[in-house]
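Source file: target.txt; contents: compact mmCIF, C-alpha atoms and all ligand atoms.
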```txt
# COMPACT_ATOMS: atom_id res chain seq x y z
CA MET E 6 21.99 -10.72 12.86
CA ILE E 7 19.59 -13.62 13.12
CA ARG E 8 16.74 -12.75 15.50
CA GLU E 9 14.58 -15.08 17.54
CA ILE E 10 11.27 -15.97 15.89
CA LEU E 11 8.34 -15.86 18.32
CA ILE E 12 6.25 -19.00 18.45
CA TRP E 13 2.44 -18.89 18.48
CA PRO E 14 0.57 -18.57 20.77
CA HIS E 15 2.52 -15.52 21.95
CA PRO E 16 0.86 -12.24 23.08
CA ILE E 17 2.92 -10.09 20.69
CA LEU E 18 1.62 -12.08 17.70
CA LYS E 19 -1.92 -10.93 18.58
CA GLN E 20 -1.10 -7.22 18.63
CA GLN E 21 -1.59 -4.52 16.01
CA ALA E 22 1.72 -3.24 14.60
CA GLN E 23 2.31 0.52 14.27
CA PRO E 24 3.22 2.33 11.03
CA VAL E 25 6.94 2.97 10.46
CA GLN E 26 7.42 6.73 10.91
CA ALA E 27 10.73 7.18 9.11
CA VAL E 28 12.71 4.88 6.83
CA ASP E 29 16.05 5.34 8.57
CA ALA E 30 19.19 3.31 9.30
CA GLY E 31 17.46 1.48 12.15
CA VAL E 32 14.70 0.31 9.82
CA ARG E 33 17.26 -0.81 7.22
CA THR E 34 19.15 -2.80 9.89
CA LEU E 35 15.88 -4.44 10.91
CA ILE E 36 15.18 -5.32 7.25
CA ARG E 37 18.63 -6.88 6.88
CA ASP E 38 18.14 -8.90 10.08
CA MET E 39 14.70 -10.02 8.97
CA PHE E 40 16.02 -11.30 5.62
CA GLU E 41 18.83 -13.14 7.43
CA THR E 42 16.36 -14.65 9.92
CA MET E 43 13.92 -15.65 7.16
CA TYR E 44 16.61 -17.31 5.01
CA ASP E 45 18.06 -19.11 8.04
CA ALA E 46 14.58 -20.53 8.79
CA ARG E 47 13.95 -21.30 5.07
CA GLY E 48 10.81 -19.17 4.93
CA VAL E 49 9.36 -17.19 2.01
CA GLY E 50 8.10 -14.33 4.19
CA LEU E 51 8.54 -12.77 7.60
CA ALA E 52 6.75 -9.94 9.40
CA ALA E 53 8.40 -7.70 12.03
CA PRO E 54 6.04 -8.79 14.87
CA GLN E 55 7.39 -12.34 14.42
CA VAL E 56 10.76 -11.08 15.67
CA GLY E 57 9.06 -9.06 18.43
CA VAL E 58 8.98 -5.67 16.68
CA LEU E 59 5.49 -4.16 16.45
CA GLN E 60 6.13 -2.15 13.27
CA ARG E 61 4.46 -2.45 9.88
CA LEU E 62 7.27 -4.09 7.94
CA ILE E 63 7.47 -7.37 6.02
CA VAL E 64 10.08 -9.15 3.90
CA LEU E 65 9.39 -11.69 1.16
CA ASP E 66 11.33 -13.91 -1.22
CA THR E 67 9.33 -16.28 -3.42
CA ARG E 68 12.07 -16.90 -6.01
CA ALA E 69 12.09 -20.65 -5.26
CA ARG E 70 8.60 -20.83 -6.84
CA GLN E 71 8.64 -17.66 -8.92
CA PRO E 72 12.11 -17.23 -10.46
CA GLU E 73 11.03 -13.95 -12.06
CA SER E 74 10.32 -12.36 -8.67
CA LYS E 75 12.89 -10.72 -6.39
CA PRO E 76 13.45 -10.26 -2.65
CA LEU E 77 11.10 -7.56 -1.38
CA ALA E 78 10.99 -5.44 1.76
CA MET E 79 7.66 -3.65 2.21
CA ILE E 80 7.25 -0.83 4.71
CA ASN E 81 3.69 0.14 5.72
CA PRO E 82 2.20 -2.24 3.11
CA GLU E 83 -1.45 -1.91 2.26
CA ILE E 84 -3.58 -4.07 -0.03
CA VAL E 85 -5.55 -1.75 -2.29
CA GLU E 86 -7.06 -4.30 -4.70
CA ARG E 87 -8.08 -7.93 -4.39
CA THR E 88 -9.37 -10.20 -7.16
CA GLY E 89 -10.53 -13.82 -7.33
CA ASP E 90 -10.14 -16.39 -4.63
CA THR E 91 -7.93 -19.40 -4.18
CA THR E 92 -6.92 -21.97 -1.58
CA TYR E 93 -3.32 -22.57 -0.65
CA THR E 94 -1.74 -24.86 1.95
CA GLU E 95 0.02 -22.40 4.23
CA GLY E 96 2.61 -22.75 6.93
CA CYS E 97 4.20 -20.14 9.20
CA LEU E 98 7.63 -19.75 10.78
CA SER E 99 5.82 -18.91 14.05
CA ILE E 100 3.76 -22.12 13.88
CA PRO E 101 6.42 -24.68 12.91
CA GLY E 102 5.35 -28.09 11.65
CA GLU E 103 1.75 -27.07 10.88
CA ALA E 104 0.19 -26.57 7.44
CA GLU E 105 -3.46 -26.03 6.54
CA ASP E 106 -5.54 -24.83 3.60
CA VAL E 107 -6.43 -21.16 3.77
CA ARG E 108 -8.69 -19.21 1.39
CA ARG E 109 -7.29 -15.93 0.11
CA ALA E 110 -7.68 -13.53 -2.78
CA GLU E 111 -5.92 -14.89 -5.89
CA THR E 112 -4.23 -11.64 -6.86
CA VAL E 113 -3.65 -8.44 -4.93
CA VAL E 114 -2.23 -5.00 -5.57
CA VAL E 115 -0.11 -3.74 -2.70
CA GLN E 116 1.18 -0.24 -2.00
CA TYR E 117 4.19 0.22 0.26
CA LEU E 118 7.40 2.14 0.84
CA ASP E 119 10.65 0.50 -0.25
CA GLU E 120 13.96 0.59 1.65
CA GLU E 121 14.67 4.06 0.22
CA GLY E 122 11.32 5.33 1.47
CA GLN E 123 9.94 5.51 -2.09
CA PRO E 124 6.26 4.64 -2.63
CA GLN E 125 5.75 1.49 -4.71
CA ARG E 126 2.73 -0.28 -6.15
CA LEU E 127 2.99 -3.95 -7.06
CA HIS E 128 0.61 -6.43 -8.65
CA CYS E 129 1.10 -9.83 -6.96
CA GLU E 130 -0.05 -13.26 -8.06
CA GLY E 131 0.71 -16.89 -7.24
CA LEU E 132 2.73 -17.55 -4.10
CA LEU E 133 3.69 -13.87 -3.77
CA ALA E 134 0.01 -12.86 -3.52
CA ILE E 135 -0.55 -15.49 -0.81
CA ALA E 136 2.59 -14.50 1.09
CA VAL E 137 1.75 -10.77 1.01
CA GLN E 138 -1.70 -11.45 2.49
CA HIS E 139 -0.26 -13.83 5.11
CA GLU E 140 2.45 -11.37 6.19
CA ILE E 141 0.15 -8.32 6.29
CA ASP E 142 -2.19 -10.40 8.48
CA HIS E 143 0.69 -10.63 11.00
CA LEU E 144 0.79 -6.80 11.14
CA ASP E 145 -2.85 -6.87 12.27
CA GLY E 146 -2.29 -9.55 14.91
CA THR E 147 -3.70 -12.37 12.78
CA VAL E 148 -2.04 -15.71 12.04
CA PHE E 149 -3.16 -18.25 9.43
CA VAL E 150 -4.78 -20.52 12.02
CA ASP E 151 -7.21 -17.65 12.78
CA HIS E 152 -8.70 -18.43 9.34
CA LEU E 153 -9.44 -22.05 10.35
CA SER E 154 -12.31 -23.52 12.35
CA SER E 155 -11.98 -23.05 16.10
CA LEU E 156 -11.72 -26.84 16.50
CA LYS E 157 -8.72 -27.06 14.16
CA ARG E 158 -7.19 -24.00 15.84
CA GLN E 159 -7.54 -25.60 19.28
CA PHE E 160 -5.81 -28.79 18.11
CA ILE E 161 -2.90 -26.81 16.69
CA ARG E 162 -2.74 -24.66 19.83
CA LYS E 163 -2.42 -27.76 22.01
CA ARG E 164 0.33 -29.18 19.81
CA MET E 165 2.23 -25.88 19.92
CA LEU E 166 1.92 -25.59 23.71
CA ARG E 167 3.17 -29.16 24.11
CA ARG E 168 6.08 -28.35 21.82
CA LYS E 169 6.91 -25.23 23.88
CA GLU E 170 6.93 -27.31 27.06
CA GLU E 171 9.27 -29.85 25.48
CA THR E 172 11.72 -27.22 24.27
CA ALA E 173 11.62 -25.11 27.46
CA PRO E 174 14.93 -25.09 29.35
CA THR E 175 14.95 -27.48 32.29
CA PRO E 176 15.20 -25.70 35.66
CA ALA E 177 18.68 -25.94 37.13
CA SER E 178 17.50 -26.30 40.73
CA GLY E 179 15.42 -29.40 40.08
CA VAL E 180 12.18 -27.57 40.82
CA GLU E 181 9.22 -29.44 39.36
CA LEU E 182 7.30 -27.19 37.00
CA ARG E 183 4.40 -29.45 36.05
ZN ZN E 201 3.43 -16.39 9.36
```

Kindly transcribe the structure held in the file into structure tokens.
Ligand SMILES: [Zn+2]
Amino acid sequence: MIREILIWPHPILKQQAQPVQAVDAGVRTLIRDMFETMYDARGVGLAAPQVGVLQRLIVLDTRARQPESKPLAMINPEIVERTGDTTYTEGCLSIPGEAEDVRRAETVVVQYLDEEGQPQRLHCEGLLAIAVQHEIDHLDGTVFVDHLSSLKRQFIRKRMLRRKEETAPTPASGVELR
């Protein structure tokens, strides 16, 4: 089932997500929905808070850029090593139409539970390393524009609020909202 992606600024996107307590059928359904939602929106990563669920769970698929990689669901992911630094022009499904350079570690090692609840440890580089850092940020209530100057962030915020106004349903009764 495709879920609705929350658009920034939204209060849920600023909240800390809670660890997943048990990898059960409900979690696996959420993972399936998140993959479906991410592919529908043509993203390379999606975090549970973006679909309104404050749990520490992300999905990723960077095969378009890294054919050797595979779709990944990471439960309770944690970055345990970071090396180097790099700049990448990032976008976000919750901030459509915006893209800005963000500085991140170049490679990371991430520990997580897979869909079977088994602990995994993965060395990530290239787009996958960027995406892992971007998605884990979402679990801590951070979006990529939080890494920009406050001036840039304010510009993007205004554009997003204008966009929300434009796409808001028009009131049936003819009540003037503005
Ligand atoms: Zn994002």

Legend entry - Site check for ligand ZN 201 (chain E): residues at most 9 Å away, all atoms listed in the file, as an MDAnalysis selection string: chainID E and resid 50:52 55 95:100 136 139:140 142:143 147:149

Inset, instruction - Could you tell me which of E:Ala104, E:Met39, E:Arg87, E:Leu59 comes closest to E:Lys19 if we count only C-alpha atoms? - result: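 Closest candidate: E:Leu59.
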
Inset, instruction - Within 10 Å of E:Glu130, counting only C-alpha atoms, which residues show up once you throw out same-chain ones fewer than 5 positions away? Write them as JSON, numbers by chain, please. - result: {"E": [71, 88, 110, 111, 112, 113, 114, 135, 136, 137]}

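Look at E:Leu133: the protein and nucleic acid residues within 9 Å of it, using all atoms listed in the file and passing over chain neighbours fewer than 6 places away, are Val49, Leu65, Asp66, Thr67, Gln71, Ser74 and Thr112 of chain E.
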
For the selection just defined, write its residues with C-alpha atoms to a file, as a compact mmCIF listing (two decimals), in the frame of the given file.
```
# COMPACT_ATOMS: atom_id res chain seq x y z
CA VAL E 49 9.36 -17.19 2.01
CA LEU E 65 9.39 -11.69 1.16
CA ASP E 66 11.33 -13.91 -1.22
CA THR E 67 9.33 -16.28 -3.42
CA GLN E 71 8.64 -17.66 -8.92
CA SER E 74 10.32 -12.36 -8.67
CA THR E 112 -4.23 -11.64 -6.86
```

Inset, instruction - Select, from E:Arg162, E:Arg126, E:Arg37, E:Arg8, the residue with the minimum atom-to-atom distance to E:Gly57, counting only C-alpha atoms. - result: E:Arg8

Legend entry - Of the listed residues E:Ile141, E:Glu105, E:Tyr117, E:Val85, that which approaches E:Ser154 most closely, counting only C-alpha atoms: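 Under the stated criterion, the closest residue is E:Glu105.
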
Inset, instruction - Would you kindly return, as a PyMOL selection string, each protein, DNA or RNA residue with an atom no farther than 8 Å from any atom of stretch 23-36 of chain E, considering all atoms listed in the file and excluding same-chain residues fewer than 4 positions away? - result: chain E and resi 40+59-62+64+78+80-81+120-122

Now that the selection is made, can you save its residues with C-alpha atoms as an mmCIF file, in the frame of the given file?
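Ended up saving to again.cif:
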```cif
data_model
loop_
_atom_site.group_PDB
_atom_site.id
_atom_site.type_symbol
_atom_site.label_atom_id
_atom_site.label_comp_id
_atom_site.auth_asym_id
_atom_site.auth_seq_id
_atom_site.Cartn_x
_atom_site.Cartn_y
_atom_site.Cartn_z
ATOM 1 C CA PHE E 40 16.020 -11.300 5.620
ATOM 2 C CA LEU E 59 5.490 -4.160 16.450
ATOM 3 C CA GLN E 60 6.130 -2.150 13.270
ATOM 4 C CA ARG E 61 4.460 -2.450 9.880
ATOM 5 C CA LEU E 62 7.270 -4.090 7.940
ATOM 6 C CA VAL E 64 10.080 -9.150 3.900
ATOM 7 C CA ALA E 78 10.990 -5.440 1.760
ATOM 8 C CA ILE E 80 7.250 -0.830 4.710
ATOM 9 C CA ASN E 81 3.690 0.140 5.720
ATOM 10 C CA GLU E 120 13.960 0.590 1.650
ATOM 11 C CA GLU E 121 14.670 4.060 0.220
ATOM 12 C CA GLY E 122 11.320 5.330 1.470
#
```

Legend entry - Nearest to E:Gln20, chosen from E:Glu73, E:Thr92, E:Pro54, E:His152, with only C-alpha atoms counted in the distances: E:Pro54

Inset, instruction - Point out the residue among E:Leu144, E:Glu103, E:Gly89, E:Glu171 with the least atom-to-atom distance to E:Trp13, counting only C-alpha atoms. - result: E:Glu103

Inset, instruction - Mind giving me the straight-line distance from atom CA of E:Val58 to atom CA of E:Gln159 in Å, one decimal? - result: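 Going from atom CA of E:Val58 over to atom CA of E:Gln159 covers 26.0 Å.
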
Inset, instruction - Work out how far apart atom CA of E:Met165 and atom CA of E:Leu153 are and give it in Å to one decimal. - result: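 These atoms are spaced 15.6 Å apart.
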
Inset, instruction - Rounded to one decimal place, report the atom CA of E:Ala22-atom CA of E:Lys163 distance in Å. - result: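 Taking atom CA of E:Ala22 as the start and atom CA of E:Lys163 as the end point, the length is 25.9 Å.
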
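In this comparison, which uses only C-alpha atoms, the residue of E:Asp119, E:Asp106, E:Asp90, E:Glu170 approaching E:Lys157 most closely is E:Asp106.
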
Padding 5 Å on each side, edges along x, y and z: where is the centre of the box around the listed atoms of stretch 74-81 of chain E, and how long are its edges in Å to one decimal? Output it as lines of an AutoDock Vina configuration file.
```
center_x = 8.6
center_y = -6.1
center_z = -1.5
size_x = 19.8
size_y = 22.5
size_z = 24.4
```

Take stretch 146-172 of chain E, bring it up to N, CA, C and O atoms, and give me the output as a compact mmCIF listing (two decimals), keeping the file's coordinate frame.
```txt
# COMPACT_ATOMS: atom_id res chain seq x y z
N GLY E 146 -2.12 -8.61 13.80
CA GLY E 146 -2.29 -9.55 14.91
C GLY E 146 -3.02 -10.83 14.54
O GLY E 146 -3.58 -11.51 15.40
N THR E 147 -3.00 -11.16 13.26
CA THR E 147 -3.70 -12.37 12.78
C THR E 147 -2.70 -13.38 12.24
O THR E 147 -1.77 -13.01 11.52
N VAL E 148 -2.88 -14.63 12.61
CA VAL E 148 -2.04 -15.71 12.04
C VAL E 148 -2.93 -16.62 11.22
O VAL E 148 -4.16 -16.57 11.33
N PHE E 149 -2.32 -17.49 10.38
CA PHE E 149 -3.16 -18.25 9.43
C PHE E 149 -4.15 -19.16 10.13
O PHE E 149 -5.22 -19.42 9.60
N VAL E 150 -3.83 -19.63 11.34
CA VAL E 150 -4.78 -20.52 12.02
C VAL E 150 -6.05 -19.77 12.45
O VAL E 150 -7.07 -20.40 12.71
N ASP E 151 -5.99 -18.43 12.48
CA ASP E 151 -7.21 -17.65 12.78
C ASP E 151 -8.23 -17.77 11.64
O ASP E 151 -9.40 -17.43 11.83
N HIS E 152 -7.78 -18.24 10.47
CA HIS E 152 -8.70 -18.43 9.34
C HIS E 152 -9.34 -19.82 9.36
O HIS E 152 -10.16 -20.13 8.51
N LEU E 153 -8.93 -20.67 10.29
CA LEU E 153 -9.44 -22.05 10.35
C LEU E 153 -10.61 -22.14 11.32
O LEU E 153 -10.91 -21.19 12.04
N SER E 154 -11.24 -23.31 11.38
CA SER E 154 -12.31 -23.52 12.35
C SER E 154 -11.71 -23.48 13.75
O SER E 154 -10.52 -23.76 13.93
N SER E 155 -12.54 -23.15 14.74
CA SER E 155 -11.98 -23.05 16.10
C SER E 155 -11.52 -24.42 16.58
O SER E 155 -10.56 -24.52 17.35
N LEU E 156 -12.14 -25.48 16.11
CA LEU E 156 -11.72 -26.84 16.50
C LEU E 156 -10.30 -27.12 16.01
O LEU E 156 -9.43 -27.53 16.78
N LYS E 157 -10.06 -26.84 14.72
CA LYS E 157 -8.72 -27.06 14.16
C LYS E 157 -7.69 -26.20 14.89
O LYS E 157 -6.58 -26.63 15.19
N ARG E 158 -8.10 -24.93 15.18
CA ARG E 158 -7.19 -24.00 15.84
C ARG E 158 -6.82 -24.52 17.24
O ARG E 158 -5.68 -24.45 17.66
N GLN E 159 -7.80 -25.07 17.94
CA GLN E 159 -7.54 -25.60 19.28
C GLN E 159 -6.57 -26.78 19.25
O GLN E 159 -5.69 -26.89 20.10
N PHE E 160 -6.73 -27.65 18.25
CA PHE E 160 -5.81 -28.79 18.11
C PHE E 160 -4.38 -28.29 17.90
O PHE E 160 -3.44 -28.76 18.54
N ILE E 161 -4.24 -27.32 17.00
CA ILE E 161 -2.90 -26.81 16.69
C ILE E 161 -2.32 -26.11 17.92
O ILE E 161 -1.15 -26.26 18.26
N ARG E 162 -3.17 -25.36 18.62
CA ARG E 162 -2.74 -24.66 19.83
C ARG E 162 -2.18 -25.64 20.87
O ARG E 162 -1.12 -25.41 21.45
N LYS E 163 -2.89 -26.75 21.05
CA LYS E 163 -2.42 -27.76 22.01
C LYS E 163 -1.08 -28.33 21.59
O LYS E 163 -0.19 -28.51 22.43
N ARG E 164 -0.95 -28.62 20.29
CA ARG E 164 0.33 -29.18 19.81
C ARG E 164 1.46 -28.18 20.01
O ARG E 164 2.56 -28.55 20.41
N MET E 165 1.18 -26.89 19.76
CA MET E 165 2.23 -25.88 19.92
C MET E 165 2.61 -25.71 21.39
O MET E 165 3.78 -25.53 21.71
N LEU E 166 1.62 -25.75 22.28
CA LEU E 166 1.92 -25.59 23.71
C LEU E 166 2.74 -26.77 24.22
O LEU E 166 3.67 -26.60 25.00
N ARG E 167 2.40 -27.97 23.72
CA ARG E 167 3.17 -29.16 24.11
C ARG E 167 4.61 -29.01 23.63
O ARG E 167 5.55 -29.30 24.35
N ARG E 168 4.75 -28.53 22.40
CA ARG E 168 6.08 -28.35 21.82
C ARG E 168 6.89 -27.34 22.64
O ARG E 168 8.08 -27.52 22.88
N LYS E 169 6.22 -26.25 23.07
CA LYS E 169 6.91 -25.23 23.88
C LYS E 169 7.40 -25.82 25.19
O LYS E 169 8.49 -25.52 25.65
N GLU E 170 6.55 -26.65 25.80
CA GLU E 170 6.93 -27.31 27.06
C GLU E 170 8.16 -28.18 26.86
O GLU E 170 9.08 -28.16 27.67
N GLU E 171 8.16 -28.93 25.75
CA GLU E 171 9.27 -29.85 25.48
C GLU E 171 10.57 -29.13 25.23
O GLU E 171 11.63 -29.62 25.57
N THR E 172 10.49 -27.92 24.61
CA THR E 172 11.72 -27.22 24.27
C THR E 172 12.12 -26.20 25.34
O THR E 172 13.16 -25.58 25.23
```
